>>> print(open('data-v8.cif').read())   # mmCIF, C-alpha atoms
data_data
loop_
_atom_site.group_PDB
_atom_site.id
_atom_site.type_symbol
_atom_site.label_atom_id
_atom_site.label_comp_id
_atom_site.auth_asym_id
_atom_site.auth_seq_id
_atom_site.Cartn_x
_atom_site.Cartn_y
_atom_site.Cartn_z
ATOM 1 C CA SER L 20 -14.440 19.565 126.013
ATOM 2 C CA ALA L 21 -12.793 20.064 122.623
ATOM 3 C CA VAL L 22 -9.833 18.115 121.264
ATOM 4 C CA ILE L 23 -7.058 20.510 120.343
ATOM 5 C CA SER L 24 -3.870 19.747 118.447
ATOM 6 C CA GLN L 25 -0.846 21.909 117.739
ATOM 7 C CA LYS L 26 1.904 21.658 115.168
ATOM 8 C CA PRO L 27 4.813 21.501 115.541
ATOM 9 C CA SER L 28 5.051 20.042 119.021
ATOM 10 C CA ARG L 29 8.571 21.409 119.360
ATOM 11 C CA ASP L 30 11.205 23.121 117.263
ATOM 12 C CA ILE L 31 14.692 24.522 117.437
ATOM 13 C CA CYS L 32 15.163 27.674 115.372
ATOM 14 C CA GLN L 33 17.904 30.111 114.531
ATOM 15 C CA ARG L 34 17.652 33.726 115.577
ATOM 16 C CA GLY L 35 16.237 36.026 112.945
ATOM 17 C CA THR L 36 13.963 33.376 111.452
ATOM 18 C CA SER L 37 10.192 32.977 111.851
ATOM 19 C CA LEU L 38 8.051 30.030 112.903
ATOM 20 C CA THR L 39 4.359 29.491 112.305
ATOM 21 C CA ILE L 40 2.453 27.406 114.841
ATOM 22 C CA GLN L 41 -0.826 25.792 113.910
ATOM 23 C CA CYS L 42 -3.790 25.093 116.189
ATOM 24 C CA GLN L 43 -6.587 22.768 115.095
ATOM 25 C CA VAL L 44 -9.827 22.076 116.985
ATOM 26 C CA ASP L 45 -12.179 19.175 116.371
ATOM 27 C CA SER L 46 -15.292 21.361 116.612
ATOM 28 C CA GLN L 47 -16.303 24.889 115.752
ATOM 29 C CA VAL L 48 -15.461 27.383 118.477
ATOM 30 C CA THR L 49 -16.020 31.092 118.676
ATOM 31 C CA MET L 50 -13.113 32.097 120.843
ATOM 32 C CA MET L 51 -9.496 31.031 120.408
ATOM 33 C CA PHE L 52 -6.565 32.357 122.377
ATOM 34 C CA TRP L 53 -2.781 32.241 122.191
ATOM 35 C CA TYR L 54 -0.596 32.165 125.300
ATOM 36 C CA ARG L 55 3.101 32.195 126.018
ATOM 37 C CA GLN L 56 4.651 30.279 128.901
ATOM 38 C CA GLN L 57 8.255 31.174 129.502
ATOM 39 C CA PRO L 58 10.481 28.565 131.178
ATOM 40 C CA GLY L 59 9.370 27.847 134.724
ATOM 41 C CA GLN L 60 6.686 30.530 134.629
ATOM 42 C CA SER L 61 2.963 30.952 134.308
ATOM 43 C CA LEU L 62 0.888 31.604 131.229
ATOM 44 C CA THR L 63 0.567 35.043 129.676
ATOM 45 C CA LEU L 64 -2.126 35.849 127.132
ATOM 46 C CA ILE L 65 -0.712 37.068 123.830
ATOM 47 C CA ALA L 66 -3.906 37.686 121.895
ATOM 48 C CA THR L 67 -7.469 36.668 121.203
ATOM 49 C CA ALA L 68 -7.900 35.239 117.705
ATOM 50 C CA ASN L 69 -11.192 36.452 116.257
ATOM 51 C CA GLN L 70 -12.719 34.701 113.275
ATOM 52 C CA GLY L 71 -13.290 37.119 110.427
ATOM 53 C CA SER L 72 -11.455 40.036 111.999
ATOM 54 C CA GLU L 73 -8.033 41.002 113.263
ATOM 55 C CA ALA L 74 -6.683 39.530 116.459
ATOM 56 C CA THR L 75 -6.850 41.528 119.671
ATOM 57 C CA TYR L 76 -3.429 41.819 121.311
ATOM 58 C CA GLU L 77 -2.603 42.231 124.970
ATOM 59 C CA SER L 78 -0.272 44.898 126.301
ATOM 60 C CA GLY L 79 3.314 44.096 125.414
ATOM 61 C CA PHE L 80 2.475 42.057 122.317
ATOM 62 C CA VAL L 81 2.269 43.472 118.795
ATOM 63 C CA ILE L 82 1.014 42.187 115.485
ATOM 64 C CA ASP L 83 4.321 42.658 113.703
ATOM 65 C CA LYS L 84 6.017 40.275 116.114
ATOM 66 C CA PHE L 85 3.139 37.802 116.572
ATOM 67 C CA PRO L 86 0.871 37.846 113.500
ATOM 68 C CA ILE L 87 -2.185 35.653 113.919
ATOM 69 C CA SER L 88 -4.606 34.195 111.420
ATOM 70 C CA ARG L 89 -8.081 32.795 112.080
ATOM 71 C CA PRO L 90 -9.483 31.706 108.719
ATOM 72 C CA ASN L 91 -12.350 29.633 110.139
ATOM 73 C CA LEU L 92 -13.936 28.399 113.360
ATOM 74 C CA THR L 93 -11.640 25.371 113.777
ATOM 75 C CA PHE L 94 -8.168 26.694 112.937
ATOM 76 C CA SER L 95 -5.692 29.409 113.859
ATOM 77 C CA THR L 96 -2.013 30.131 113.396
ATOM 78 C CA LEU L 97 0.473 32.152 115.408
ATOM 79 C CA THR L 98 3.745 33.275 113.822
ATOM 80 C CA VAL L 99 6.726 34.191 115.964
ATOM 81 C CA SER L 100 8.667 36.595 113.758
ATOM 82 C CA ASN L 101 12.324 37.587 113.695
ATOM 83 C CA MET L 102 13.040 35.327 116.633
ATOM 84 C CA SER L 103 15.593 35.915 119.367
ATOM 85 C CA PRO L 104 16.605 33.617 122.250
ATOM 86 C CA GLU L 105 14.156 35.543 124.463
ATOM 87 C CA ASP L 106 11.329 34.031 122.415
ATOM 88 C CA SER L 107 12.206 30.556 123.702
ATOM 89 C CA SER L 108 8.974 29.494 125.372
ATOM 90 C CA ILE L 109 6.032 27.185 125.212
ATOM 91 C CA TYR L 110 3.285 28.588 123.007
ATOM 92 C CA LEU L 111 -0.214 27.368 123.777
ATOM 93 C CA CYS L 112 -3.524 27.807 122.056
ATOM 94 C CA SER L 113 -6.806 27.508 123.881
ATOM 95 C CA VAL L 114 -10.449 27.555 122.939
ATOM 96 C CA GLY L 115 -13.467 28.945 124.714
ATOM 97 C CA VAL L 116 -16.279 26.444 125.043
ATOM 98 C CA ALA L 117 -19.356 27.388 123.064
ATOM 99 C CA GLY L 118 -22.540 28.083 124.937
ATOM 100 C CA GLY L 119 -21.535 31.149 126.857
ATOM 101 C CA ARG L 120 -19.188 29.571 129.373
ATOM 102 C CA GLU L 121 -15.798 31.095 129.807
ATOM 103 C CA THR L 122 -13.943 27.843 130.379
ATOM 104 C CA GLN L 123 -10.887 27.454 128.212
ATOM 105 C CA TYR L 124 -9.356 24.193 127.097
ATOM 106 C CA PHE L 125 -5.757 24.048 126.055
ATOM 107 C CA GLY L 126 -3.746 22.373 123.371
ATOM 108 C CA PRO L 127 -0.560 20.448 124.189
ATOM 109 C CA GLY L 128 1.695 23.395 123.408
ATOM 110 C CA THR L 129 4.612 24.065 121.065
ATOM 111 C CA ARG L 130 8.022 24.074 122.689
ATOM 112 C CA LEU L 131 10.282 26.570 120.948
ATOM 113 C CA LEU L 132 14.006 26.961 121.462
ATOM 114 C CA VAL L 133 15.755 29.813 119.684
ATOM 115 C CA LEU L 134 19.520 29.620 119.360
ATOM 116 C CA GLY A 22 -3.361 46.103 137.042
ATOM 117 C CA GLU A 23 -5.114 42.895 137.920
ATOM 118 C CA SER A 24 -3.007 40.020 139.191
ATOM 119 C CA VAL A 25 -3.461 36.570 140.549
ATOM 120 C CA GLY A 26 -0.844 35.175 142.878
ATOM 121 C CA LEU A 27 -0.115 32.119 144.917
ATOM 122 C CA HIS A 28 1.170 31.984 148.490
ATOM 123 C CA LEU A 29 3.219 28.794 148.153
ATOM 124 C CA PRO A 30 5.293 28.017 145.099
ATOM 125 C CA THR A 31 5.948 24.390 146.159
ATOM 126 C CA LEU A 32 4.055 21.804 148.162
ATOM 127 C CA SER A 33 5.240 18.328 149.118
ATOM 128 C CA VAL A 34 2.858 15.774 150.586
ATOM 129 C CA GLN A 35 2.732 12.082 151.314
ATOM 130 C CA GLU A 36 0.504 9.822 149.299
ATOM 131 C CA GLY A 37 -2.908 9.619 150.915
ATOM 132 C CA ASP A 38 -2.698 13.036 152.567
ATOM 133 C CA ASN A 39 -5.016 15.886 151.678
ATOM 134 C CA SER A 40 -3.461 18.796 149.760
ATOM 135 C CA ILE A 41 -4.465 22.432 149.859
ATOM 136 C CA ILE A 42 -3.243 24.871 147.228
ATOM 137 C CA ASN A 43 -3.969 28.555 147.760
ATOM 138 C CA CYS A 44 -4.405 31.497 145.436
ATOM 139 C CA ALA A 45 -4.975 35.213 146.012
ATOM 140 C CA TYR A 46 -6.548 37.458 143.430
ATOM 141 C CA SER A 47 -6.763 41.222 143.263
ATOM 142 C CA ASN A 48 -9.539 41.966 140.765
ATOM 143 C CA SER A 49 -12.769 42.264 142.733
ATOM 144 C CA ALA A 50 -14.690 42.293 139.428
ATOM 145 C CA SER A 51 -13.585 38.753 138.576
ATOM 146 C CA ASP A 52 -16.634 36.540 138.333
ATOM 147 C CA TYR A 53 -15.282 33.185 137.291
ATOM 148 C CA PHE A 54 -12.323 31.130 138.461
ATOM 149 C CA ILE A 55 -10.674 27.977 137.175
ATOM 150 C CA TRP A 56 -8.072 25.580 138.480
ATOM 151 C CA TYR A 57 -5.749 23.902 135.982
ATOM 152 C CA LYS A 58 -3.260 21.069 136.348
ATOM 153 C CA GLN A 59 -0.197 21.038 134.121
ATOM 154 C CA GLU A 60 1.920 17.930 133.920
ATOM 155 C CA SER A 61 5.418 18.052 132.512
ATOM 156 C CA GLY A 62 5.408 18.404 128.733
ATOM 157 C CA LYS A 63 1.661 18.955 128.498
ATOM 158 C CA GLY A 64 -0.794 21.794 128.238
ATOM 159 C CA PRO A 65 -2.918 22.886 131.222
ATOM 160 C CA GLN A 66 -5.782 20.533 131.993
ATOM 161 C CA PHE A 67 -9.090 21.832 133.367
ATOM 162 C CA ILE A 68 -9.797 20.550 136.889
ATOM 163 C CA ILE A 69 -12.683 22.510 138.333
ATOM 164 C CA ASP A 70 -14.286 25.932 138.127
ATOM 165 C CA ILE A 71 -16.398 28.161 140.322
ATOM 166 C CA ARG A 72 -18.476 31.265 139.753
ATOM 167 C CA SER A 73 -18.449 34.260 142.038
ATOM 168 C CA ASN A 74 -21.990 33.589 143.250
ATOM 169 C CA MET A 75 -20.773 30.390 144.919
ATOM 170 C CA ASP A 76 -18.339 29.805 147.783
ATOM 171 C CA LYS A 77 -17.760 26.080 147.364
ATOM 172 C CA ARG A 78 -17.844 23.518 144.596
ATOM 173 C CA GLN A 79 -16.939 19.865 144.716
ATOM 174 C CA GLY A 80 -15.700 17.482 142.070
ATOM 175 C CA GLN A 81 -14.164 14.074 142.166
ATOM 176 C CA ARG A 82 -11.585 14.244 144.990
ATOM 177 C CA VAL A 83 -11.288 18.002 144.504
ATOM 178 C CA THR A 84 -13.003 20.936 146.172
ATOM 179 C CA VAL A 85 -12.644 24.596 145.311
ATOM 180 C CA LEU A 86 -13.379 27.241 147.932
ATOM 181 C CA LEU A 87 -13.893 30.905 147.140
ATOM 182 C CA ASN A 88 -13.721 33.661 149.734
ATOM 183 C CA LYS A 89 -14.647 36.901 148.015
ATOM 184 C CA THR A 90 -14.244 38.944 151.165
ATOM 185 C CA VAL A 91 -10.492 38.373 151.217
ATOM 186 C CA LYS A 92 -10.184 37.525 147.500
ATOM 187 C CA HIS A 93 -8.881 34.069 148.151
ATOM 188 C CA LEU A 94 -9.271 30.816 146.270
ATOM 189 C CA SER A 95 -8.158 27.355 147.301
ATOM 190 C CA LEU A 96 -8.028 23.897 145.762
ATOM 191 C CA GLN A 97 -8.305 20.922 148.054
ATOM 192 C CA ILE A 98 -7.280 17.501 146.806
ATOM 193 C CA ALA A 99 -8.401 14.563 148.918
ATOM 194 C CA ALA A 100 -6.280 11.416 149.282
ATOM 195 C CA THR A 101 -3.512 12.797 147.104
ATOM 196 C CA GLN A 102 -1.942 10.308 144.725
ATOM 197 C CA PRO A 103 1.441 10.293 142.930
ATOM 198 C CA GLY A 104 -0.431 11.002 139.705
ATOM 199 C CA ASP A 105 -1.507 14.325 141.196
ATOM 200 C CA SER A 106 2.086 15.558 141.051
ATOM 201 C CA ALA A 107 2.054 18.543 138.690
ATOM 202 C CA VAL A 108 1.981 22.319 138.596
ATOM 203 C CA TYR A 109 -1.377 23.780 139.578
ATOM 204 C CA PHE A 110 -2.553 27.163 138.315
ATOM 205 C CA CYS A 111 -5.509 29.246 139.322
ATOM 206 C CA ALA A 112 -6.975 31.560 136.711
ATOM 207 C CA GLU A 113 -9.548 34.322 136.882
ATOM 208 C CA ASN A 114 -11.911 35.808 134.347
ATOM 209 C CA GLY A 115 -12.193 39.510 134.946
ATOM 210 C CA GLY A 116 -15.622 39.950 133.418
ATOM 211 C CA GLY A 117 -16.745 43.169 131.747
ATOM 212 C CA THR A 118 -14.340 44.207 128.985
ATOM 213 C CA SER A 119 -12.093 41.317 130.015
ATOM 214 C CA TYR A 120 -14.814 38.784 129.266
ATOM 215 C CA GLY A 121 -13.345 35.525 128.050
ATOM 216 C CA LYS A 122 -9.787 36.455 129.009
ATOM 217 C CA LEU A 123 -8.037 34.529 131.740
ATOM 218 C CA THR A 124 -5.331 35.871 134.035
ATOM 219 C CA PHE A 125 -3.179 33.107 135.495
ATOM 220 C CA GLY A 126 -1.494 32.867 138.869
ATOM 221 C CA GLN A 127 2.149 31.959 139.329
ATOM 222 C CA GLY A 128 1.588 28.243 139.851
ATOM 223 C CA THR A 129 2.280 25.789 142.671
ATOM 224 C CA ILE A 130 4.406 22.709 142.195
ATOM 225 C CA LEU A 131 2.767 19.777 143.970
ATOM 226 C CA THR A 132 4.990 16.766 144.671
ATOM 227 C CA VAL A 133 3.417 13.624 146.069
ATOM 228 C CA HIS A 134 5.753 11.133 147.703
ATOM 229 C CA PRO A 135 4.765 7.452 147.705
#
>>> encode(input="data-v8.cif", output="structure tokens")
Amino acid sequence: SAVISQKPSRDICQRGTSLTIQCQVDSQVTMMFWYRQQPGQSLTLIATANQGSEATYESGFVIDKFPISRPNLTFSTLTVSNMSPEDSSIYLCSVGVAGGRETQYFGPGTRLLVL
Amino acid sequence: GESVGLHLPTLSVQEGDNSIINCAYSNSASDYFIWYKQESGKGPQFIIDIRSNMDKRQGQRVTVLLNKTVKHLSLQIAATQPGDSAVYFCAENGGGTSYGKLTFGQGTILTVHP
């Protein structure tokens, strides 16, 4: 499995501001994903971060709100833009294990509170 | 659309008992399933997986059973310990155009009493 870190681990932000979350992996991976986990709920996929091309967003998520970068095979960022209290969630990145398996390993998450 | 759901949102057991966590899925095209454990303040941790061409897979103290006929998945934990207390999620990979994407179930809170 890969070792995944996220920064920041938590933050408290004011509405209307933006926060960029970083995800770093200790090995090169093809597939990286961003999820949202609202309080007391399950995980929902936001987008697939593709290296060298634009991210692929799931229904209900748009690039203007959640811009994603994937500059190389070990790093990705997710920005939560123009935040509102409804954006208070845990944001998680995951990586797909190389070699054709679909298993995903998760980072520790970023806990965001928007006031 | 596709969905993955759980029958029981909470499960309380005594230390040493066996635990069974259930999951129903609706996408018959799903070909890969994973169970995750999420402890408070942490990201989901991989426990065990199973492919659709299997009906049972065993790990250390855990067994996953897959019944494709009724689209049901279960996680069995033997000799449950207090350290097993967490939220457990099943996840499915839909295959085809959904390759690589996981759809998560609601989650079951497992509480193990000493």
>>> atom_distance(input="data-v8.cif", atom1="CA of Pro58 (chain L)", atom2="CA of Ser107 (chain L)")
7.9 Å
>>> resolve_selection(input="data-v8.cif", expression="the PyMOL selection byres ((chain L) within 6 of (chain A))", output="ChimeraX atom specification")
/L:61,121,125-128
>>> residues_around(input="data-v8.cif", residues="Thr49 (chain L)", least_positions_apart="5", cutoff="8 Å", atoms="all atoms listed in the file", output="PyMOL selection string")
chain L and resi 69-70+92+114-117
>>> atom_distance(input="data-v8.cif", atom1="CA of Gly104 (chain A)", atom2="CA of Asn88 (chain A)")
28.1 Å
>>> closest_residue(input="data-v8.cif", among="L:Thr129, L:Thr39, L:Asn91, L:Thr63", to="Gly79 (chain L)", atoms="all atoms listed in the file")
L:Thr63
>>> closest_residue(input="data-v8.cif", among="A:Pro135, A:Asp52, A:Val91, A:Thr31", to="Met75 (chain A)", atoms="only C-alpha atoms")
A:Asp52
>>> axis_aligned_box(input="data-v8.cif", around="region 36-42 of chain A", padding_each_side="6 Å", output="JSON")
{"center_x": -2.3, "center_y": 17.2, "center_z": 149.9, "size_x": 17.5, "size_y": 27.3, "size_z": 17.3}
>>> atom_distance(input="data-v8.cif", atom1="CA of Ala99 (chain A)", atom2="CA of Gln60 (chain L)")
26.2 Å
>>> resolve_selection(input="data-v8.cif", expression="the PyMOL selection byres ((chain L and resi 55) around 8)", output="PyMOL selection string")
chain L and resi 53-54+56-57+62-65+108-111
>>> residues_around(input="data-v8.cif", residues="Leu32 (chain A)", least_positions_apart="5", cutoff="10 Å", atoms="all atoms listed in the file", output="PyMOL selection string")
chain A and resi 40-42+106+108+129-133
>>> residues_around(input="data-v8.cif", residues="Val81 (chain L)", least_positions_apart="2", cutoff="12 Å", atoms="all atoms listed in the file", output="mmCIF file with C-alpha atoms, keeping the file's coordinate frame")
data_model
loop_
_atom_site.group_PDB
_atom_site.id
_atom_site.type_symbol
_atom_site.label_atom_id
_atom_site.label_comp_id
_atom_site.auth_asym_id
_atom_site.auth_seq_id
_atom_site.Cartn_x
_atom_site.Cartn_y
_atom_site.Cartn_z
ATOM 1 C CA ILE L 65 -0.712 37.068 123.830
ATOM 2 C CA ALA L 66 -3.906 37.686 121.895
ATOM 3 C CA GLU L 73 -8.033 41.002 113.263
ATOM 4 C CA ALA L 74 -6.683 39.530 116.459
ATOM 5 C CA THR L 75 -6.850 41.528 119.671
ATOM 6 C CA TYR L 76 -3.429 41.819 121.311
ATOM 7 C CA GLU L 77 -2.603 42.231 124.970
ATOM 8 C CA SER L 78 -0.272 44.898 126.301
ATOM 9 C CA GLY L 79 3.314 44.096 125.414
ATOM 10 C CA ASP L 83 4.321 42.658 113.703
ATOM 11 C CA LYS L 84 6.017 40.275 116.114
ATOM 12 C CA PHE L 85 3.139 37.802 116.572
ATOM 13 C CA PRO L 86 0.871 37.846 113.500
ATOM 14 C CA ILE L 87 -2.185 35.653 113.919
ATOM 15 C CA LEU L 97 0.473 32.152 115.408
ATOM 16 C CA THR L 98 3.745 33.275 113.822
ATOM 17 C CA VAL L 99 6.726 34.191 115.964
ATOM 18 C CA SER L 100 8.667 36.595 113.758
#
>>> resolve_selection(input="data-v8.cif", expression="the PyMOL selection byres ((chain A and resi 93) around 9)", output="compact mmCIF listing (two decimals) with C-alpha atoms, in the frame of the given file")
# COMPACT_ATOMS: atom_id res chain seq x y z
CA ASN A 43 -3.97 28.56 147.76
CA CYS A 44 -4.40 31.50 145.44
CA ALA A 45 -4.97 35.21 146.01
CA TYR A 46 -6.55 37.46 143.43
CA SER A 47 -6.76 41.22 143.26
CA LEU A 86 -13.38 27.24 147.93
CA LEU A 87 -13.89 30.90 147.14
CA ASN A 88 -13.72 33.66 149.73
CA LYS A 89 -14.65 36.90 148.01
CA THR A 90 -14.24 38.94 151.16
CA VAL A 91 -10.49 38.37 151.22
CA LYS A 92 -10.18 37.52 147.50
CA LEU A 94 -9.27 30.82 146.27
CA SER A 95 -8.16 27.36 147.30
>>> build_atoms(input="data-v8.cif", residues="region 66-77 of chain A", atoms="all heavy atoms", output="compact mmCIF listing (two decimals), keeping the file's coordinate frame")
# COMPACT_ATOMS: atom_id res chain seq x y z
N GLN A 66 -4.58 21.36 132.03
CA GLN A 66 -5.78 20.53 131.99
C GLN A 66 -6.80 21.10 132.98
O GLN A 66 -6.49 21.30 134.15
CB GLN A 66 -5.42 19.09 132.36
CG GLN A 66 -6.60 18.15 132.48
CD GLN A 66 -6.21 16.80 133.06
OE1 GLN A 66 -5.03 16.54 133.31
NE2 GLN A 66 -7.18 15.93 133.27
N PHE A 67 -8.01 21.33 132.51
CA PHE A 67 -9.09 21.83 133.37
C PHE A 67 -9.37 20.85 134.50
O PHE A 67 -9.49 19.65 134.28
CB PHE A 67 -10.35 22.04 132.52
CG PHE A 67 -11.57 22.40 133.30
CD1 PHE A 67 -11.88 23.71 133.56
CD2 PHE A 67 -12.43 21.41 133.77
CE1 PHE A 67 -13.03 24.05 134.27
CE2 PHE A 67 -13.57 21.74 134.48
CZ PHE A 67 -13.87 23.06 134.73
N ILE A 68 -9.45 21.39 135.74
CA ILE A 68 -9.80 20.55 136.89
C ILE A 68 -11.20 20.86 137.37
O ILE A 68 -12.07 19.99 137.43
CB ILE A 68 -8.82 20.77 138.06
CG1 ILE A 68 -7.39 20.45 137.66
CG2 ILE A 68 -9.23 19.91 139.26
CD1 ILE A 68 -6.39 20.81 138.74
N ILE A 69 -11.42 22.12 137.75
CA ILE A 69 -12.68 22.51 138.33
C ILE A 69 -12.82 24.02 138.23
O ILE A 69 -11.82 24.73 138.17
CB ILE A 69 -12.78 22.05 139.81
CG1 ILE A 69 -14.21 22.18 140.34
CG2 ILE A 69 -11.79 22.79 140.69
CD1 ILE A 69 -14.43 21.48 141.67
N ASP A 70 -14.05 24.50 138.20
CA ASP A 70 -14.29 25.93 138.13
C ASP A 70 -15.31 26.34 139.18
O ASP A 70 -15.99 25.50 139.78
CB ASP A 70 -14.74 26.34 136.73
CG ASP A 70 -16.02 25.63 136.28
OD1 ASP A 70 -16.56 24.80 137.05
OD2 ASP A 70 -16.48 25.88 135.15
N ILE A 71 -15.42 27.64 139.38
CA ILE A 71 -16.40 28.16 140.32
C ILE A 71 -16.76 29.58 139.92
O ILE A 71 -15.90 30.35 139.47
CB ILE A 71 -15.87 28.12 141.78
CG1 ILE A 71 -16.98 28.46 142.77
CG2 ILE A 71 -14.66 29.05 141.96
CD1 ILE A 71 -16.62 28.15 144.22
N ARG A 72 -18.02 29.91 140.05
CA ARG A 72 -18.48 31.26 139.75
C ARG A 72 -18.54 32.08 141.04
O ARG A 72 -18.60 31.53 142.13
CB ARG A 72 -19.85 31.22 139.07
CG ARG A 72 -19.80 30.53 137.74
CD ARG A 72 -21.06 30.74 136.92
NE ARG A 72 -20.94 30.09 135.63
CZ ARG A 72 -20.33 30.62 134.59
NH1 ARG A 72 -19.79 31.82 134.68
NH2 ARG A 72 -20.26 29.96 133.46
N SER A 73 -18.55 33.38 140.87
CA SER A 73 -18.45 34.26 142.04
C SER A 73 -19.69 34.24 142.91
O SER A 73 -19.66 34.74 144.02
CB SER A 73 -18.15 35.70 141.60
OG SER A 73 -19.16 36.17 140.73
N ASN A 74 -20.78 33.67 142.42
CA ASN A 74 -21.99 33.59 143.25
C ASN A 74 -22.02 32.32 144.11
O ASN A 74 -23.02 32.02 144.76
CB ASN A 74 -23.25 33.66 142.38
CG ASN A 74 -23.33 32.51 141.39
OD1 ASN A 74 -22.41 31.73 141.26
ND2 ASN A 74 -24.46 32.42 140.70
N MET A 75 -20.90 31.59 144.11
CA MET A 75 -20.77 30.39 144.92
C MET A 75 -19.56 30.55 145.83
O MET A 75 -18.65 31.33 145.54
CB MET A 75 -20.58 29.15 144.04
CG MET A 75 -21.67 28.95 143.00
SD MET A 75 -21.26 27.62 141.85
CE MET A 75 -21.30 26.21 142.94
N ASP A 76 -19.53 29.78 146.95
CA ASP A 76 -18.34 29.80 147.78
C ASP A 76 -17.68 28.42 147.88
O ASP A 76 -16.59 28.30 148.44
CB ASP A 76 -18.64 30.34 149.19
CG ASP A 76 -19.81 29.62 149.84
OD1 ASP A 76 -20.11 28.48 149.43
OD2 ASP A 76 -20.41 30.19 150.76
N LYS A 77 -18.33 27.42 147.31
CA LYS A 77 -17.76 26.08 147.36
C LYS A 77 -18.29 25.27 146.20
O LYS A 77 -19.47 25.37 145.84
CB LYS A 77 -18.13 25.41 148.68
CG LYS A 77 -17.57 24.00 148.86
CD LYS A 77 -17.97 23.46 150.23
CE LYS A 77 -17.43 22.05 150.45
NZ LYS A 77 -17.81 21.52 151.78
